[in-house]
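**Student:** Quick one: the structure is below, and I'll ask about it shortly.
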Amino acid sequence: MRIVMIGSGYVGLVSGACLADFGHHVTCVDKSAAKIDALEAGKVPIFEPGLDNIIDHNRNAGRLDFSKELAASVAEAEVVFIAVGTPSRRGDGHADLSYVYAAAREIAAAVCGFTVVVTKSTVPVGTGDEIERIFREEFPEKDISVVSNPEFLREGAAITDFKRPDRIVLGTEEPRAVEIMREVYRPLYLNEAPLYFCERRTSELIKYAANAFLAMKITFINEIADLCEQIGADVQKVAKGIGMDKRIGDKFLHAGPGYGGSCFPKDTLALVKTAQDHDSPVRLIETTVAINDNRKRAMGRKVIAACDGTVRGKKIAILGLTFKPNTDDMRDAPSITIIQALLDGGANVHAYDPEGMEMAKEVIGSITYGNDPYEIAEDADAIVIVTEWDEFRALDLKRMKSLVKTPTIVDLRNIYPVAEVTKHGFAYFAIGKKNEKQRYAEGSRSATIRKIHPRSVRRQAC
């Protein structure tokens, strides 16, 4: 099939490359001349494991090309995907649909014959209806069917998610569109990936509801982590204990510094605004948004507390800047807020990230960037693990200890066992666990009790 992907950002580029890998002919269109020039020169503008190989393979096979011009490509297409940005609108938090509607009008002006226009962008409920209204009123002579097909790609695992999806949601009740979308995803259907057809508005809501639920699950375990720290429980063991219940599951039950990225912050806020507009507020999601915003700043305070209550004039080494590993995406990354809190406290911040430092320079203030974890650890008063990149999971802690000024590690991702870190002489502060100061205080109290009341202690033991 001949397919056009409008927008060559993260979703458009991954989707276009994977559809080409299925055997379709795909043209990715973008108005950014710099982006298209880079792609034509063989440079992939985003970091996603495996994407560069798929793009190279399909370009060489003649199934994937790139263009700055929409009209000629759309005129020959059977299916046109809209995969442009829908950022939060300034002032009110609603999704900004101006790019979606502009793309829809350009597509309608260029189509020839029956064409399926698919919204791949994450859009609020009713967006497909509005696109259809635009087509009907402004381009009544055009034969176009509008379909909702939300994406469920995880950054860092997008290729696998596209080729081995849990489900493919398709919002349309138009028989011709149903058949064409079956053909688009036929390679996946043969692999028994479920195609789930439903109403267009239902499809649009599924995307928001899914992301909101996952964001709520993350926020839930983060709040349980705070409680664990106060009562002396271990959040990782709590998460495992509840995750073994098949009704709950163990996914997204990893306590940390809060969610970030291109989807959860934007989509939860957009769902809140949509629900408010329809006089049906989603209180759980409203609270989730508020808790997550506060948590990122709280993680900055956690680092300050680990540094004896002040970071003024102290060197803090930050490991990881992107919102998650295996991506260079800095959008709404917790590191931004954490670093700002440390800078506000007078800290001298040094940072290292395997892929995100160039992006970070555009959104983070005056900090120093290093070439590896050991360089930024030299003379540091604390090491803070913010993103769980694989290379941070096997640090040479003995070497780290010899480099730092003060042996303190704040692990905001719980990637190390407490004993592994403390045996090298570090004070270790994790999420949802007793920190070393609490352990020391409790050990001192126990020793005092044994010294003053040895008989009483023995009787209680019996």
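Chain lettering (A, B, ...) mirrors the order of the structure tokens, residue numbering begins at 1 for each chain separately, and ligand numbering begins at 1 in order of display.
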Would you tabulate, counting only C-alpha atoms, all residues of region 247-267 of chain A that have an atom at most 9 Å from an atom of region 200-212 of chain A, showing the closest pair of atoms and their distance in Å to one decimal, sorted by chain then ascending number, as CSV?

**Tutor:**
residue,atom,partner,partner_atom,distance
A:Cys263,CA,A:Asn211,CA,7.5
A:Phe264,CA,A:Asn211,CA,6.0
A:Asp267,CA,A:Tyr208,CA,6.0

**Student:** Show me, as a ChimeraX atom specification, the residues that have an atom within 7 Å of Ala110 (chain A) when counting only C-alpha atoms, minus same-chain residues fewer than 4 positions from it.

**Tutor:** /A:71,74-75,106

**Student:** Where in region 177-348 of chain A does DSSP assign helix (DSSP H, G or I), given as a PyMOL selection string?

**Tutor:** chain A and resi 177-184+186-190+200-231+235-243+264-277+283-306+334-344

**Student:** If we count only C-alpha atoms and set the cut-off at 10 Å, which residues sit around Gly12 (chain A), ignoring sequence neighbours fewer than 6 positions away in its own chain? Please answer as a VMD selection string.

**Tutor:** chain A and resid 4 to 6 18 28 to 30 81 to 85 120 to 121 151

**Student:** Write out as a list of chain:residue names the residues lying within 6 Å of region 352-360 of chain A, counting only C-alpha atoms and excluding same-chain residues fewer than 4 positions away.

**Tutor:**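 Residues near the query, excluding close chain neighbours: A:Leu319, A:Gly320, A:Leu321, A:Thr322, A:Asp328, A:Ile364, A:Tyr369, A:Gly370.
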
**Student:** Check the DSSP output for the backbone and give back, as a PyMOL selection string, the residues of region 33-77 of chain A in strand (DSSP E).

**Tutor:** chain A and resi 64-67

**Student:** Ranking A:Glu141, A:Asn60, A:His278, A:Lys31 by minimum distance to Gly126 (chain A) and counting only C-alpha atoms, which one comes first?

**Tutor:** A:His278

**Student:** Between A:Ser280, A:Ser402, A:Thr287, A:Thr27, single out the one closest to Leu70 (chain A), counting only C-alpha atoms.

**Tutor:**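 Of A:Ser280, A:Ser402, A:Thr287, A:Thr27, the one nearest Leu70 (chain A) is A:Thr27, counting only C-alpha atoms.
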
**Student:** Which residues are close to Thr115 (chain A), i.e. within 7 Å by only C-alpha atoms, leaving aside same-chain residues fewer than 2 positions away? Reply as number ranges by chain.

**Tutor:** A: 78-79, 111, 113, 117, 143-145

**Student:** Could you save those same residues with N, CA, C and O atoms as a PDB file, in the first residue's frame?

**Tutor:**
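Result file is result14.pdb:
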ATOM      1  N   GLU A  78      -3.184   5.869  -0.369  1.00  0.00           N
ATOM      2  CA  GLU A  78      -4.450   5.256   0.043  1.00  0.00           C
ATOM      3  C   GLU A  78      -4.767   5.573   1.502  1.00  0.00           C
ATOM      4  O   GLU A  78      -5.921   5.664   1.892  1.00  0.00           O
ATOM      5  N   VAL A  79      -3.708   5.726   2.287  1.00  0.00           N
ATOM      6  CA  VAL A  79      -3.866   6.022   3.712  1.00  0.00           C
ATOM      7  C   VAL A  79      -2.902   7.134   4.078  1.00  0.00           C
ATOM      8  O   VAL A  79      -1.717   7.100   3.703  1.00  0.00           O
ATOM      9  N   VAL A 111      -5.898  15.181  -1.588  1.00  0.00           N
ATOM     10  CA  VAL A 111      -6.277  13.797  -1.859  1.00  0.00           C
ATOM     11  C   VAL A 111      -6.980  13.658  -3.207  1.00  0.00           C
ATOM     12  O   VAL A 111      -7.655  14.570  -3.679  1.00  0.00           O
ATOM     13  N   GLY A 113      -9.408  10.636  -4.991  1.00  0.00           N
ATOM     14  CA  GLY A 113     -10.082   9.357  -4.798  1.00  0.00           C
ATOM     15  C   GLY A 113     -10.274   9.060  -3.311  1.00  0.00           C
ATOM     16  O   GLY A 113      -9.914   9.848  -2.442  1.00  0.00           O
ATOM     17  N   VAL A 117      -7.955   8.894   6.253  1.00  0.00           N
ATOM     18  CA  VAL A 117      -7.102   9.793   7.034  1.00  0.00           C
ATOM     19  C   VAL A 117      -7.144   9.323   8.482  1.00  0.00           C
ATOM     20  O   VAL A 117      -8.218   9.232   9.084  1.00  0.00           O
ATOM     21  N   ASP A 143     -13.766  12.399  -1.056  1.00  0.00           N
ATOM     22  CA  ASP A 143     -14.240  11.138  -0.469  1.00  0.00           C
ATOM     23  C   ASP A 143     -13.198  10.663   0.561  1.00  0.00           C
ATOM     24  O   ASP A 143     -12.210  10.011   0.213  1.00  0.00           O
ATOM     25  N   ILE A 144     -13.433  11.029   1.830  1.00  0.00           N
ATOM     26  CA  ILE A 144     -12.450  10.775   2.889  1.00  0.00           C
ATOM     27  C   ILE A 144     -13.140  10.124   4.079  1.00  0.00           C
ATOM     28  O   ILE A 144     -14.242  10.524   4.471  1.00  0.00           O
ATOM     29  N   SER A 145     -12.490   9.134   4.650  1.00  0.00           N
ATOM     30  CA  SER A 145     -12.967   8.520   5.889  1.00  0.00           C
ATOM     31  C   SER A 145     -11.944   8.792   6.986  1.00  0.00           C
ATOM     32  O   SER A 145     -10.741   8.620   6.780  1.00  0.00           O
TER      33      SER A 145
END

**Student:** Can you measure CA of Asn53 (chain A) to CA of Asp390 (chain A) for me? One decimal in Å is fine.

**Tutor:** 21.5 Å
